[in-house]
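For reference, the structure is listed below as structure tokens.
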Amino acid sequence: GYGPSTPDIHHPTGYWLTPALMALASGVPVLWNAPGMHRNAIPEWGESLLELALGASAYIAVRDEPSRATLSRFVAPERITVVPDTAFGVGRLLPAEESAAMQRLRAEAGLTKPYIVVQPVRWRDAGFDAFLEQNRERFADYQLVAVPMGPVLGDHNAFLGDARGQFVELPFWPDPLLLAELISHASAVIGYSYHLAITALAAGVPVFTSVDLSAGKFTALRAFDSLHPLSSIDEGADAFFARLGKRDPEPAVDATLAPLAVHWDRITEAIRTSRRDVPPTFRRFWQSLPTLLDGRREEDPLIDLQRITGGTLRNDPYQWAAIDELFSPHDAIALAETFPVDHFKRVEAYGGEKDYAYDARLLIGMGARTVARREHLSAAWQRLADDLRSPEYREAIETLTGCDLSGAPLEVNVFHYGPGGSLGPHADLPDKLVTHVLYFNRTWNAADGGCLTILGAKDANALVAEIPPVVGNSALLVRSDHSWHAVSPVVASSPLSRRSLTATFYRPGSISSMWPPGDETPLHDYAAAPVPPARRRLWGRLASRMNRRG
């Protein structure tokens, strides 16, 4: 979720790797301050650059053994120091008595009782919302303080739902040390943020977390007795409330301080070495160079943006547009032939406000500057993803709709609607502004269903228009309370899935409903029905001819 400040800086190369190489080339020491690396995919093209950067670095520290194992592919493991997360040192920065700022925060927030800090995320699956309701009387001895840890984690007080009135919401966002002090005086914290947990442990505050302690970075915290899985609430209210209350930090916290002192001494010694300045123009050149070498934005856009800007926005029964011939014949074939099949999740529900059944894959996360799992995409799909997150595409959508999308975060997902897949009549959620639906089937029989239907009411029979999911076709919907639409059910005998993409611009501050924070739905490769060999050969010959003509 983190990215560079401007799109012309290549991510990840220009964001952190190129600056490291610039420093090394200029005699400036490079030190790695205990990052975690074991869950980051390293693309093949970046391996030699990373090996170069690590090999020349003055000091390499990581925060856990899995990270050392990952980086040992590029540098001898004995050169990599494993140190505790540096956030454990925050306890040394906190005042022994409440600061004036903390007292002011208490007064403005109305904190008069012992309190529990709660990170507002989706707690339903963890059972905490039900536990809270069942033990409302016992929680009356405490104030519950909702503290979103950061936008990148998707936290939002709206996740508290009907229970929101039971929580104290902070009157302002505390600076980092005041936030740490607020956590340090809590009776407990409940959340899934890694550094929320560390800050609490450093202060002797018990932690209840919904994350898996046997995987990822949280494995480094399993030795702490005061860190409990949130599932421990199943042991009952007595066990939960017995664990509340601030205590002296446990010995495992003290054990982190000596190696951290050595860590900072080594960093300080390296910083004392001589340095020489690099001109700003040189730095900017190096940060932009990977984008120039990559060459993706130097190509003509894969999307014909003039088809969008020159489209007709209809007003009946609401604002929408049908836009076809978005791609050249050559690009259309490439996109259809290489439609993604990796990392999908199953999404289905029946009997509610709307029925739906399909498989979804993330292409661009909400407001993200990067393409999800780019290495799994074909060259055509990489170009398409780059087009969708370009300023030119956003401007084209603005031109057609008249909507101001300058601060609107974009989310892009791709879908397989297999046999039986459907999406019932609905108007989009209020946090959506504009949705552009693109299609990628080479051919499609409308009798097989799978068509987008523009509706005059929340009724599948109130048909105004129908758009088949053939590659190059697309539909643009401006969200309103009556922007009814649906996807007609794909027949059970369909040999192919209905293949589409949605590029949705959201209101600022929105949270993804497709990929909510903490979503751990298993992902799978989509098993498409096999293409008959004769048809596969036909399309192969056609693609070859198009390549020769191009």
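Chain lettering (A, B, ...) mirrors the order of the structure tokens, residue numbering begins at 1 for each chain separately, and ligand numbering begins at 1 in order of display.
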
*Contacts of range 434-451 of chain A at 8 Å or less, counting only C-alpha atoms, minus same-chain residues fewer than 6 places along, as a PyMOL selection string?*
chain A and resi 332-333+335-336+339+417+421-422+466-479+487-491+494+498-506

Go ahead and write the selection's residues with N, CA, C and O atoms as a compact mmCIF listing (two decimals), in the first residue's frame.
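So the final result, stored in part_29.txt, reads:
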# COMPACT_ATOMS: atom_id res chain seq x y z
N ALA A 332 -6.52 -6.55 -28.76
CA ALA A 332 -7.71 -7.24 -28.28
C ALA A 332 -7.45 -8.75 -28.19
O ALA A 332 -7.82 -9.40 -27.20
N ILE A 333 -6.82 -9.31 -29.22
CA ILE A 333 -6.51 -10.74 -29.20
C ILE A 333 -5.55 -11.06 -28.05
O ILE A 333 -5.73 -12.03 -27.31
N LEU A 335 -5.08 -9.50 -25.22
CA LEU A 335 -5.74 -9.39 -23.93
C LEU A 335 -6.68 -10.57 -23.68
O LEU A 335 -6.74 -11.12 -22.58
N ALA A 336 -7.42 -10.96 -24.71
CA ALA A 336 -8.34 -12.08 -24.55
C ALA A 336 -7.60 -13.39 -24.32
O ALA A 336 -8.00 -14.21 -23.49
N PHE A 339 -5.98 -13.51 -20.60
CA PHE A 339 -6.77 -13.05 -19.46
C PHE A 339 -6.28 -13.76 -18.20
O PHE A 339 -6.05 -14.96 -18.20
N TYR A 417 -16.85 -14.95 -14.47
CA TYR A 417 -18.19 -15.43 -14.15
C TYR A 417 -18.32 -16.79 -14.83
O TYR A 417 -18.59 -16.87 -16.02
N GLY A 421 -22.59 -18.18 -12.87
CA GLY A 421 -22.21 -16.89 -12.31
C GLY A 421 -23.22 -15.81 -12.65
O GLY A 421 -23.82 -15.81 -13.73
N SER A 422 -23.42 -14.86 -11.72
CA SER A 422 -24.41 -13.81 -11.95
C SER A 422 -24.17 -12.66 -10.99
O SER A 422 -23.38 -12.77 -10.04
N GLU A 466 -28.51 -3.83 -23.24
CA GLU A 466 -27.75 -5.04 -22.91
C GLU A 466 -26.43 -4.98 -23.64
O GLU A 466 -26.38 -4.68 -24.83
N ILE A 467 -25.35 -5.26 -22.92
CA ILE A 467 -24.01 -5.16 -23.51
C ILE A 467 -23.33 -6.52 -23.38
O ILE A 467 -23.08 -7.00 -22.27
N PRO A 468 -23.01 -7.18 -24.50
CA PRO A 468 -22.35 -8.49 -24.43
C PRO A 468 -20.88 -8.33 -24.03
O PRO A 468 -20.25 -7.32 -24.37
N PRO A 469 -20.30 -9.32 -23.36
CA PRO A 469 -18.94 -9.19 -22.82
C PRO A 469 -17.85 -9.52 -23.83
O PRO A 469 -16.94 -10.30 -23.54
N VAL A 470 -17.91 -8.93 -25.01
CA VAL A 470 -16.93 -9.19 -26.06
C VAL A 470 -15.77 -8.21 -25.93
O VAL A 470 -15.98 -7.02 -25.67
N VAL A 471 -14.55 -8.69 -26.12
CA VAL A 471 -13.37 -7.85 -25.92
C VAL A 471 -13.46 -6.59 -26.79
O VAL A 471 -13.80 -6.65 -27.97
N GLY A 472 -13.17 -5.45 -26.18
CA GLY A 472 -13.30 -4.15 -26.83
C GLY A 472 -14.54 -3.41 -26.41
O GLY A 472 -14.58 -2.18 -26.44
N ASN A 473 -15.59 -4.15 -26.01
CA ASN A 473 -16.79 -3.52 -25.48
C ASN A 473 -16.55 -3.04 -24.05
O ASN A 473 -15.76 -3.63 -23.30
N SER A 474 -17.26 -2.00 -23.65
CA SER A 474 -17.18 -1.54 -22.27
C SER A 474 -18.42 -0.72 -21.96
O SER A 474 -19.14 -0.28 -22.86
N ALA A 475 -18.67 -0.54 -20.67
CA ALA A 475 -19.78 0.28 -20.21
C ALA A 475 -19.30 1.15 -19.07
O ALA A 475 -18.52 0.71 -18.22
N LEU A 476 -19.75 2.39 -19.07
CA LEU A 476 -19.38 3.33 -18.02
C LEU A 476 -20.64 3.74 -17.27
O LEU A 476 -21.63 4.16 -17.89
N LEU A 477 -20.63 3.61 -15.95
CA LEU A 477 -21.78 3.89 -15.11
C LEU A 477 -21.45 4.98 -14.11
O LEU A 477 -20.47 4.86 -13.36
N VAL A 478 -22.23 6.05 -14.10
CA VAL A 478 -22.09 7.10 -13.09
C VAL A 478 -23.05 6.74 -11.96
O VAL A 478 -24.26 6.62 -12.16
N ARG A 479 -22.52 6.55 -10.78
CA ARG A 479 -23.32 6.03 -9.68
C ARG A 479 -24.40 7.02 -9.24
O ARG A 479 -24.17 8.23 -9.11
N VAL A 487 -25.88 -8.43 -14.02
CA VAL A 487 -25.24 -9.33 -14.99
C VAL A 487 -26.14 -10.55 -15.09
O VAL A 487 -26.40 -11.24 -14.10
N SER A 488 -26.66 -10.80 -16.29
CA SER A 488 -27.56 -11.93 -16.45
C SER A 488 -26.82 -13.24 -16.19
O SER A 488 -25.64 -13.37 -16.52
N PRO A 489 -27.48 -14.21 -15.57
CA PRO A 489 -26.81 -15.47 -15.18
C PRO A 489 -26.19 -16.19 -16.38
O PRO A 489 -26.80 -16.29 -17.45
N VAL A 490 -24.96 -16.66 -16.20
CA VAL A 490 -24.29 -17.45 -17.22
C VAL A 490 -24.88 -18.87 -17.17
O VAL A 490 -24.97 -19.47 -16.10
N VAL A 491 -25.29 -19.39 -18.32
CA VAL A 491 -25.93 -20.70 -18.34
C VAL A 491 -24.96 -21.79 -17.87
O VAL A 491 -23.74 -21.67 -18.05
N SER A 494 -22.38 -23.26 -20.35
CA SER A 494 -21.41 -22.39 -21.03
C SER A 494 -20.02 -23.00 -20.97
O SER A 494 -19.54 -23.37 -19.89
N ARG A 498 -17.45 -15.81 -18.38
CA ARG A 498 -17.63 -14.42 -18.80
C ARG A 498 -16.53 -13.61 -18.13
O ARG A 498 -16.38 -13.64 -16.92
N ARG A 499 -15.69 -12.88 -18.89
CA ARG A 499 -14.46 -12.28 -18.39
C ARG A 499 -14.56 -10.76 -18.47
O ARG A 499 -14.84 -10.20 -19.53
N SER A 500 -14.31 -10.12 -17.35
CA SER A 500 -14.51 -8.67 -17.30
C SER A 500 -13.52 -8.03 -16.34
O SER A 500 -12.80 -8.71 -15.61
N LEU A 501 -13.52 -6.71 -16.36
CA LEU A 501 -12.69 -5.88 -15.46
C LEU A 501 -13.54 -4.69 -15.04
O LEU A 501 -14.27 -4.13 -15.86
N THR A 502 -13.43 -4.29 -13.78
CA THR A 502 -14.07 -3.05 -13.34
C THR A 502 -12.99 -2.10 -12.82
O THR A 502 -12.17 -2.48 -11.98
N ALA A 503 -13.00 -0.90 -13.35
CA ALA A 503 -12.15 0.19 -12.86
C ALA A 503 -13.08 1.19 -12.19
O ALA A 503 -13.88 1.84 -12.85
N THR A 504 -12.99 1.28 -10.86
CA THR A 504 -13.95 2.07 -10.10
C THR A 504 -13.23 3.21 -9.38
O THR A 504 -12.24 2.98 -8.67
N PHE A 505 -13.74 4.42 -9.56
CA PHE A 505 -13.25 5.59 -8.83
C PHE A 505 -14.16 5.81 -7.62
O PHE A 505 -15.38 5.88 -7.75
N TYR A 506 -13.53 5.93 -6.44
CA TYR A 506 -14.26 6.02 -5.18
C TYR A 506 -14.15 7.42 -4.58
O TYR A 506 -13.23 8.19 -4.90

*asked:* Please return, as a PyMOL selection string, all residues of range 132-368 of chain A that DSSP assigns to alpha helix (DSSP H) on the basis of the backbone.
replied: chain A and resi 132-134+136-139+176-184+194-202+237-242+251-271+280-294+305-309+329-337

Using only C-alpha atoms, which residues sit within 9 Å of range 44-50 of chain A once same-chain residues fewer than 2 positions away are excluded, as a PDB file with N, CA, C and O atoms, in the first residue's frame?
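Output saved as selection.pdb:
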ATOM      1  N   THR A  13      11.878   0.222  -7.784  1.00  0.00           N
ATOM      2  CA  THR A  13      13.290   0.554  -8.007  1.00  0.00           C
ATOM      3  C   THR A  13      13.631   1.984  -7.632  1.00  0.00           C
ATOM      4  O   THR A  13      14.573   2.240  -6.883  1.00  0.00           O
ATOM      5  N   LEU A  17      15.444   1.291  -4.011  1.00  0.00           N
ATOM      6  CA  LEU A  17      16.649   0.607  -4.471  1.00  0.00           C
ATOM      7  C   LEU A  17      17.585   1.548  -5.214  1.00  0.00           C
ATOM      8  O   LEU A  17      18.796   1.554  -4.965  1.00  0.00           O
ATOM      9  N   THR A  18      17.053   2.355  -6.128  1.00  0.00           N
ATOM     10  CA  THR A  18      17.917   3.294  -6.851  1.00  0.00           C
ATOM     11  C   THR A  18      18.579   4.303  -5.915  1.00  0.00           C
ATOM     12  O   THR A  18      19.776   4.566  -6.056  1.00  0.00           O
ATOM     13  N   LEU A  21      21.548   2.599  -4.487  1.00  0.00           N
ATOM     14  CA  LEU A  21      22.638   2.471  -5.452  1.00  0.00           C
ATOM     15  C   LEU A  21      23.306   3.820  -5.712  1.00  0.00           C
ATOM     16  O   LEU A  21      24.537   3.892  -5.891  1.00  0.00           O
ATOM     17  N   ILE A  42      10.390 -10.702  -5.013  1.00  0.00           N
ATOM     18  CA  ILE A  42      11.514 -10.027  -5.657  1.00  0.00           C
ATOM     19  C   ILE A  42      11.519 -10.432  -7.123  1.00  0.00           C
ATOM     20  O   ILE A  42      11.760 -11.589  -7.445  1.00  0.00           O
ATOM     21  N   LEU A  52      23.734  -6.353  -5.826  1.00  0.00           N
ATOM     22  CA  LEU A  52      24.738  -5.290  -5.871  1.00  0.00           C
ATOM     23  C   LEU A  52      24.600  -4.365  -4.661  1.00  0.00           C
ATOM     24  O   LEU A  52      25.595  -4.024  -4.012  1.00  0.00           O
ATOM     25  N   ALA A  53      23.376  -3.968  -4.347  1.00  0.00           N
ATOM     26  CA  ALA A  53      23.153  -3.030  -3.245  1.00  0.00           C
ATOM     27  C   ALA A  53      23.528  -3.647  -1.903  1.00  0.00           C
ATOM     28  O   ALA A  53      24.201  -3.018  -1.080  1.00  0.00           O
ATOM     29  N   LEU A  54      23.102  -4.888  -1.658  1.00  0.00           N
ATOM     30  CA  LEU A  54      23.411  -5.517  -0.373  1.00  0.00           C
ATOM     31  C   LEU A  54      24.897  -5.817  -0.236  1.00  0.00           C
ATOM     32  O   LEU A  54      25.479  -5.648   0.834  1.00  0.00           O
ATOM     33  N   GLY A  55      25.499  -6.252  -1.347  1.00  0.00           N
ATOM     34  CA  GLY A  55      26.920  -6.596  -1.273  1.00  0.00           C
ATOM     35  C   GLY A  55      27.797  -5.418  -0.908  1.00  0.00           C
ATOM     36  O   GLY A  55      28.834  -5.586  -0.247  1.00  0.00           O
ATOM     37  N   PHE A  74      21.166 -13.348  -1.740  1.00  0.00           N
ATOM     38  CA  PHE A  74      21.894 -12.263  -2.406  1.00  0.00           C
ATOM     39  C   PHE A  74      23.169 -11.848  -1.674  1.00  0.00           C
ATOM     40  O   PHE A  74      23.995 -11.140  -2.249  1.00  0.00           O
TER      41      PHE A  74
END

*Of the candidates A:Trp264, A:Phe139, A:Trp16, A:Phe344, which shows the shortest atom-to-atom distance to Thr86 in chain A, using only C-alpha atoms?*
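Nearest candidate to Thr86 in chain A out of A:Trp264, A:Phe139, A:Trp16, A:Phe344: A:Trp264.
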
*Would you list, as a list of chain:residue names, the residues of range 37-132 of chain A that end up in strand (DSSP E) under DSSP run on this structure's backbone?*
A:Tyr59, A:Ile60, A:Ala61, A:Val62, A:Ile80, A:Thr81, A:Val82, A:Tyr115, A:Ile116, A:Val117, A:Val118

Keeping only all heavy atoms, take the residues you just selected and write them out as a PDB file, in the first residue's frame.
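After the write, selection.pdb holds the following:
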ATOM      1  N   TYR A  59      26.146  -2.090   6.437  1.00  0.00           N
ATOM      2  CA  TYR A  59      25.519  -2.798   7.552  1.00  0.00           C
ATOM      3  C   TYR A  59      24.127  -3.230   7.127  1.00  0.00           C
ATOM      4  O   TYR A  59      23.351  -2.434   6.574  1.00  0.00           O
ATOM      5  CB  TYR A  59      25.440  -1.872   8.768  1.00  0.00           C
ATOM      6  CG  TYR A  59      24.702  -2.422   9.965  1.00  0.00           C
ATOM      7  CD1 TYR A  59      25.068  -3.631  10.557  1.00  0.00           C
ATOM      8  CD2 TYR A  59      23.630  -1.723  10.517  1.00  0.00           C
ATOM      9  CE1 TYR A  59      24.396  -4.124  11.667  1.00  0.00           C
ATOM     10  CE2 TYR A  59      22.958  -2.209  11.632  1.00  0.00           C
ATOM     11  CZ  TYR A  59      23.329  -3.403  12.193  1.00  0.00           C
ATOM     12  OH  TYR A  59      22.664  -3.889  13.285  1.00  0.00           O
ATOM     13  N   ILE A  60      23.817  -4.504   7.357  1.00  0.00           N
ATOM     14  CA  ILE A  60      22.510  -5.043   6.991  1.00  0.00           C
ATOM     15  C   ILE A  60      21.882  -5.656   8.233  1.00  0.00           C
ATOM     16  O   ILE A  60      22.451  -6.575   8.827  1.00  0.00           O
ATOM     17  CB  ILE A  60      22.609  -6.117   5.893  1.00  0.00           C
ATOM     18  CG1 ILE A  60      23.413  -5.608   4.693  1.00  0.00           C
ATOM     19  CG2 ILE A  60      21.221  -6.567   5.458  1.00  0.00           C
ATOM     20  CD1 ILE A  60      23.809  -6.697   3.730  1.00  0.00           C
ATOM     21  N   ALA A  61      20.734  -5.139   8.640  1.00  0.00           N
ATOM     22  CA  ALA A  61      19.988  -5.711   9.755  1.00  0.00           C
ATOM     23  C   ALA A  61      18.566  -5.979   9.301  1.00  0.00           C
ATOM     24  O   ALA A  61      17.981  -5.187   8.551  1.00  0.00           O
ATOM     25  CB  ALA A  61      19.986  -4.771  10.957  1.00  0.00           C
ATOM     26  N   VAL A  62      18.001  -7.086   9.734  1.00  0.00           N
ATOM     27  CA  VAL A  62      16.596  -7.413   9.493  1.00  0.00           C
ATOM     28  C   VAL A  62      15.973  -7.767  10.839  1.00  0.00           C
ATOM     29  O   VAL A  62      16.665  -7.998  11.821  1.00  0.00           O
ATOM     30  CB  VAL A  62      16.436  -8.583   8.501  1.00  0.00           C
ATOM     31  CG1 VAL A  62      16.932  -8.188   7.119  1.00  0.00           C
ATOM     32  CG2 VAL A  62      17.158  -9.825   9.005  1.00  0.00           C
ATOM     33  N   ILE A  80      24.298 -10.639   7.598  1.00  0.00           N
ATOM     34  CA  ILE A  80      22.966 -10.128   7.930  1.00  0.00           C
ATOM     35  C   ILE A  80      22.724 -10.319   9.427  1.00  0.00           C
ATOM     36  O   ILE A  80      22.750 -11.436   9.936  1.00  0.00           O
ATOM     37  CB  ILE A  80      21.874 -10.845   7.126  1.00  0.00           C
ATOM     38  CG1 ILE A  80      22.174 -10.753   5.623  1.00  0.00           C
ATOM     39  CG2 ILE A  80      20.512 -10.261   7.442  1.00  0.00           C
ATOM     40  CD1 ILE A  80      21.243 -11.585   4.764  1.00  0.00           C
ATOM     41  N   THR A  81      22.505  -9.230  10.124  1.00  0.00           N
ATOM     42  CA  THR A  81      22.235  -9.273  11.561  1.00  0.00           C
ATOM     43  C   THR A  81      20.730  -9.268  11.810  1.00  0.00           C
ATOM     44  O   THR A  81      20.005  -8.478  11.210  1.00  0.00           O
ATOM     45  CB  THR A  81      22.859  -8.048  12.264  1.00  0.00           C
ATOM     46  OG1 THR A  81      24.271  -8.044  11.999  1.00  0.00           O
ATOM     47  CG2 THR A  81      22.621  -8.091  13.760  1.00  0.00           C
ATOM     48  N   VAL A  82      20.284 -10.180  12.672  1.00  0.00           N
ATOM     49  CA  VAL A  82      18.881 -10.179  13.073  1.00  0.00           C
ATOM     50  C   VAL A  82      18.769  -9.455  14.408  1.00  0.00           C
ATOM     51  O   VAL A  82      19.425  -9.822  15.381  1.00  0.00           O
ATOM     52  CB  VAL A  82      18.328 -11.614  13.206  1.00  0.00           C
ATOM     53  CG1 VAL A  82      16.880 -11.588  13.698  1.00  0.00           C
ATOM     54  CG2 VAL A  82      18.421 -12.342  11.876  1.00  0.00           C
ATOM     55  N   TYR A 115      -9.148   2.459  30.172  1.00  0.00           N
ATOM     56  CA  TYR A 115      -9.622   2.336  28.796  1.00  0.00           C
ATOM     57  C   TYR A 115      -8.879   1.237  28.047  1.00  0.00           C
ATOM     58  O   TYR A 115      -7.772   0.830  28.421  1.00  0.00           O
ATOM     59  CB  TYR A 115      -9.503   3.673  28.053  1.00  0.00           C
ATOM     60  CG  TYR A 115      -8.093   4.229  27.950  1.00  0.00           C
ATOM     61  CD1 TYR A 115      -7.243   3.840  26.911  1.00  0.00           C
ATOM     62  CD2 TYR A 115      -7.622   5.157  28.887  1.00  0.00           C
ATOM     63  CE1 TYR A 115      -5.968   4.364  26.809  1.00  0.00           C
ATOM     64  CE2 TYR A 115      -6.351   5.685  28.788  1.00  0.00           C
ATOM     65  CZ  TYR A 115      -5.519   5.281  27.748  1.00  0.00           C
ATOM     66  OH  TYR A 115      -4.245   5.789  27.648  1.00  0.00           O
ATOM     67  N   ILE A 116      -9.526   0.771  26.980  1.00  0.00           N
ATOM     68  CA  ILE A 116      -8.970  -0.253  26.098  1.00  0.00           C
ATOM     69  C   ILE A 116      -8.888   0.344  24.700  1.00  0.00           C
ATOM     70  O   ILE A 116      -9.879   0.875  24.183  1.00  0.00           O
ATOM     71  CB  ILE A 116      -9.858  -1.514  26.078  1.00  0.00           C
ATOM     72  CG1 ILE A 116      -9.945  -2.134  27.483  1.00  0.00           C
ATOM     73  CG2 ILE A 116      -9.337  -2.541  25.070  1.00  0.00           C
ATOM     74  CD1 ILE A 116     -10.958  -3.267  27.586  1.00  0.00           C
ATOM     75  N   VAL A 117      -7.725   0.298  24.088  1.00  0.00           N
ATOM     76  CA  VAL A 117      -7.529   0.803  22.727  1.00  0.00           C
ATOM     77  C   VAL A 117      -7.935  -0.290  21.742  1.00  0.00           C
ATOM     78  O   VAL A 117      -7.449  -1.431  21.826  1.00  0.00           O
ATOM     79  CB  VAL A 117      -6.068   1.230  22.500  1.00  0.00           C
ATOM     80  CG1 VAL A 117      -5.814   1.498  21.009  1.00  0.00           C
ATOM     81  CG2 VAL A 117      -5.747   2.469  23.310  1.00  0.00           C
ATOM     82  N   VAL A 118      -8.820   0.047  20.811  1.00  0.00           N
ATOM     83  CA  VAL A 118      -9.314  -0.915  19.822  1.00  0.00           C
ATOM     84  C   VAL A 118      -9.036  -0.377  18.428  1.00  0.00           C
ATOM     85  O   VAL A 118      -9.396   0.756  18.105  1.00  0.00           O
ATOM     86  CB  VAL A 118     -10.827  -1.168  20.001  1.00  0.00           C
ATOM     87  CG1 VAL A 118     -11.321  -2.162  18.959  1.00  0.00           C
ATOM     88  CG2 VAL A 118     -11.130  -1.676  21.409  1.00  0.00           C
TER      89      VAL A 118
END

*Residues at most 10 Å from range 371-388 of chain A, counting only C-alpha atoms, excluding those fewer than 4 positions away in the same chain, as number ranges by chain?*
A: 11, 41-44, 296-297, 299-305, 327, 331-343, 361-365, 392-394, 410-413, 503

Those same residues, written as a CSV table (one decimal), in the first residue's frame with C-alpha atoms?
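The result, written out as part.csv:
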chain,number,residue,atom,x,y,z
A,11,HIS,CA,8.2,1.5,-7.9
A,41,ALA,CA,8.2,-10.9,-4.0
A,42,ILE,CA,11.5,-10.0,-5.7
A,43,PRO,CA,11.2,-9.9,-9.5
A,44,GLU,CA,13.8,-11.7,-11.5
A,296,ARG,CA,6.1,1.1,-20.5
A,297,ARG,CA,4.9,4.7,-20.6
A,299,GLU,CA,4.5,3.1,-25.7
A,300,ASP,CA,1.3,4.3,-27.2
A,301,PRO,CA,-1.6,3.7,-24.8
A,302,LEU,CA,-3.2,0.3,-25.3
A,303,ILE,CA,-6.6,1.9,-24.5
A,304,ASP,CA,-7.9,4.1,-27.3
A,305,LEU,CA,-8.7,7.1,-25.0
A,327,PHE,CA,-8.4,-1.8,-28.4
A,331,ASP,CA,-4.2,-5.9,-28.6
A,332,ALA,CA,-7.7,-7.2,-28.3
A,333,ILE,CA,-6.5,-10.7,-29.2
A,334,ALA,CA,-3.5,-10.5,-26.8
A,335,LEU,CA,-5.7,-9.4,-23.9
A,336,ALA,CA,-8.3,-12.1,-24.5
A,337,GLU,CA,-5.8,-14.8,-25.0
A,338,THR,CA,-3.9,-13.9,-21.8
A,339,PHE,CA,-6.8,-13.0,-19.5
A,340,PRO,CA,-5.5,-13.6,-15.9
A,341,VAL,CA,-6.2,-16.9,-14.2
A,342,ASP,CA,-4.0,-16.5,-11.0
A,343,HIS,CA,-4.9,-15.5,-7.4
A,361,ARG,CA,-8.7,-11.0,-8.7
A,362,LEU,CA,-7.1,-7.7,-7.6
A,363,LEU,CA,-5.3,-5.8,-10.3
A,364,ILE,CA,-4.8,-2.4,-8.7
A,365,GLY,CA,-5.6,-2.0,-5.0
A,392,GLU,CA,-4.6,10.4,-19.1
A,393,TYR,CA,-7.1,7.6,-18.5
A,394,ARG,CA,-8.5,9.5,-15.4
A,410,LEU,CA,-9.0,3.9,-8.1
A,411,GLU,CA,-9.5,0.2,-7.5
A,412,VAL,CA,-9.4,-2.3,-10.4
A,413,ASN,CA,-10.5,-5.9,-10.3
A,503,ALA,CA,-12.1,0.2,-12.9

*Any idea what's packed within 8 Å of Ala180 in chain A, counting only C-alpha atoms, ignoring anything in its chain fewer than 6 positions away? Could you give it as a ChimeraX atom specification?*
/A:90,94,199

*Using only C-alpha atoms, which residues sit within 10 Å of Ala270 in chain A once same-chain residues fewer than 4 positions away are excluded, as number ranges by chain?*
A: 28-31, 58-59, 264-266, 274

Mind checking which residues fall within 7 Å of range 228-245 of chain A, counting only C-alpha atoms, ignoring those fewer than 5 positions away in the same chain, and posting them as a compact mmCIF listing (two decimals) with N, CA and C atoms, in the first residue's frame?
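Here's the written file out-v4.txt:
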# COMPACT_ATOMS: atom_id res chain seq x y z
N ALA A 126 -13.75 -12.54 13.77
CA ALA A 126 -13.02 -12.89 14.98
C ALA A 126 -13.94 -13.05 16.19
N SER A 187 -5.42 -0.25 29.38
CA SER A 187 -5.54 -1.51 30.12
C SER A 187 -5.34 -2.70 29.19
N ALA A 188 -5.48 -2.49 27.89
CA ALA A 188 -5.24 -3.52 26.88
C ALA A 188 -5.37 -2.85 25.51
N VAL A 205 1.53 -3.42 28.39
CA VAL A 205 0.08 -3.46 28.15
C VAL A 205 -0.24 -4.75 27.40
N PRO A 206 -1.22 -5.55 27.86
CA PRO A 206 -1.56 -6.80 27.17
C PRO A 206 -2.16 -6.53 25.80
N VAL A 207 -1.90 -7.46 24.89
CA VAL A 207 -2.32 -7.32 23.50
C VAL A 207 -3.19 -8.51 23.11
N PHE A 208 -4.29 -8.22 22.42
CA PHE A 208 -5.13 -9.26 21.82
C PHE A 208 -5.15 -9.00 20.32
N THR A 209 -4.69 -9.99 19.55
CA THR A 209 -4.54 -9.77 18.11
C THR A 209 -5.26 -10.85 17.33
N SER A 210 -5.75 -10.46 16.15
CA SER A 210 -6.47 -11.40 15.29
C SER A 210 -5.56 -12.04 14.25

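Proximity of A:Glu520, A:Asp175, A:Leu433, A:Gly418 to Gly402 in chain A, computed with only C-alpha atoms, is greatest for A:Leu433.
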